[in-house]
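Before any comments, here is the structure.
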Amino acid sequence: MAETSEEEAYGAAYAEMAALKQAVSGVVGSVIAGVDGLLLIHDLNSGPEPHDIAALAAATFGLGRQTGLALRQGPFRESTVRSHRGYFSVYAVGDSALLAVLGGEGLNIARLHLEARQVTARLITMLDVHVAAQARL
């Protein structure tokens, strides 16, 4: 029965990533990774290697976490890098996971922030199922 719950959690996480892509113009794809940089799931069809995106998300998280601590502004929530040809946004999913979103030049970043914050809140519950299943192994 635990396997079904974990499968359902993964399916729901993929559905969240697909909905984010539909809701926000310019989203290329997403990666869900641990804060250690290990890839959990992704919906990237082409472009950068998903494992590399997961590692970059962890590095972004590390810098953001240290900045928040040094400035006494609290825990990491999100960070966005805007480059010449696109965006890379990383959002905390609880304390142990990250949602990294790649966007093209035409990304509606304000809309992404609104939508991604709601997605991360829902992903926390889904990832709790995954963590509980891993603990039983």
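Ordering of the structure tokens sets the chain letters (A, B, ...); residue numbers start at 1 within each chain; ligands are numbered from 1 in the order shown.
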Contacts of segment 105-116 of chain A at 12 Å (only C-alpha atoms; same-chain gap of 2+ positions) as a ChimeraX atom specification: /A:16-30,77-93,98-103,118-123
One-decimal distance in Å that lies between atom CA of Gly94 of chain A and atom CA of Leu56 of chain A: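 Rounded to one decimal, the two atoms are 18.0 Å apart.
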Determine which residues of chain A DSSP labels as strand (DSSP E or B) from the backbone of this structure, then write them out as a CSV table (one decimal) with N, CA and C atoms, in the first residue's frame.
```csv
chain,number,residue,atom,x,y,z
A,27,VAL,N,7.5,29.2,-19.1
A,27,VAL,CA,8.1,28.1,-18.3
A,27,VAL,C,8.6,27.0,-19.3
A,28,VAL,N,9.9,26.7,-19.2
A,28,VAL,CA,10.4,25.7,-20.0
A,28,VAL,C,10.3,24.3,-19.4
A,29,GLY,N,10.5,24.2,-18.1
A,29,GLY,CA,10.4,23.0,-17.3
A,29,GLY,C,10.8,23.2,-15.9
A,30,SER,N,10.6,22.1,-15.1
A,30,SER,CA,10.9,22.2,-13.7
A,30,SER,C,11.7,20.9,-13.2
A,31,VAL,N,12.4,21.1,-12.1
A,31,VAL,CA,13.1,20.0,-11.4
A,31,VAL,C,12.7,20.1,-10.0
A,32,ILE,N,12.5,18.9,-9.4
A,32,ILE,CA,12.3,18.8,-7.9
A,32,ILE,C,13.5,18.1,-7.4
A,33,ALA,N,14.3,18.7,-6.5
A,33,ALA,CA,15.5,18.1,-6.0
A,33,ALA,C,15.6,18.2,-4.5
A,34,GLY,N,16.4,17.4,-3.9
A,34,GLY,CA,16.7,17.6,-2.5
A,34,GLY,C,17.7,18.8,-2.3
A,39,LEU,N,18.6,14.8,-7.7
A,39,LEU,CA,17.4,14.9,-8.5
A,39,LEU,C,16.4,13.9,-8.0
A,40,LEU,N,15.1,14.4,-7.8
A,40,LEU,CA,14.0,13.6,-7.5
A,40,LEU,C,13.2,13.3,-8.7
A,41,ILE,N,12.6,14.4,-9.3
A,41,ILE,CA,11.9,14.2,-10.6
A,41,ILE,C,12.1,15.5,-11.4
A,42,HIS,N,11.7,15.4,-12.7
A,42,HIS,CA,11.8,16.6,-13.6
A,42,HIS,C,10.8,16.4,-14.7
A,78,GLU,N,13.2,31.7,-1.6
A,78,GLU,CA,13.3,31.6,-3.0
A,78,GLU,C,14.4,32.5,-3.5
A,79,SER,N,14.8,32.2,-4.7
A,79,SER,CA,15.9,33.0,-5.4
A,79,SER,C,15.7,32.9,-6.9
A,80,THR,N,15.9,34.0,-7.6
A,80,THR,CA,15.8,34.0,-9.0
A,80,THR,C,17.0,34.6,-9.7
A,81,VAL,N,17.5,34.0,-10.7
A,81,VAL,CA,18.6,34.5,-11.5
A,81,VAL,C,18.1,34.8,-12.9
A,82,ARG,N,18.3,36.1,-13.3
A,82,ARG,CA,17.9,36.5,-14.6
A,82,ARG,C,19.1,36.6,-15.5
A,83,SER,N,19.1,35.9,-16.5
A,83,SER,CA,20.3,35.9,-17.5
A,83,SER,C,19.8,36.6,-18.8
A,86,GLY,N,17.1,34.1,-20.3
A,86,GLY,CA,16.1,33.4,-19.5
A,86,GLY,C,16.3,33.6,-18.0
A,87,TYR,N,15.5,32.8,-17.3
A,87,TYR,CA,15.4,32.8,-15.8
A,87,TYR,C,15.7,31.4,-15.2
A,88,PHE,N,16.1,31.5,-14.0
A,88,PHE,CA,16.3,30.2,-13.2
A,88,PHE,C,15.8,30.6,-11.8
A,89,SER,N,14.7,30.0,-11.4
A,89,SER,CA,14.1,30.3,-10.1
A,89,SER,C,14.1,29.1,-9.2
A,90,VAL,N,14.5,29.3,-8.0
A,90,VAL,CA,14.5,28.2,-7.0
A,90,VAL,C,13.7,28.5,-5.8
A,91,TYR,N,12.8,27.6,-5.5
A,91,TYR,CA,11.8,27.8,-4.3
A,91,TYR,C,12.0,26.6,-3.3
A,92,ALA,N,12.0,27.0,-2.1
A,92,ALA,CA,12.1,26.0,-1.0
A,92,ALA,C,10.8,25.2,-1.0
A,93,VAL,N,10.9,23.9,-0.8
A,93,VAL,CA,9.7,23.0,-0.6
A,93,VAL,C,10.0,22.4,0.8
A,97,ALA,N,13.6,20.0,0.3
A,97,ALA,CA,13.5,19.9,-1.1
A,97,ALA,C,13.4,21.2,-1.7
A,98,LEU,N,13.6,21.2,-3.1
A,98,LEU,CA,13.6,22.5,-3.8
A,98,LEU,C,12.9,22.3,-5.1
A,99,LEU,N,12.2,23.3,-5.6
A,99,LEU,CA,11.6,23.3,-6.9
A,99,LEU,C,12.4,24.3,-7.7
A,100,ALA,N,13.0,23.9,-8.8
A,100,ALA,CA,13.7,24.8,-9.7
A,100,ALA,C,13.0,24.9,-11.0
A,101,VAL,N,12.8,26.1,-11.4
A,101,VAL,CA,12.0,26.4,-12.6
A,101,VAL,C,12.9,27.1,-13.6
A,102,LEU,N,13.0,26.6,-14.9
A,102,LEU,CA,13.7,27.2,-16.0
A,102,LEU,C,12.6,28.0,-16.8
A,103,GLY,N,13.0,29.2,-17.1
A,103,GLY,CA,12.1,30.0,-18.0
A,103,GLY,C,12.9,30.7,-19.1
```
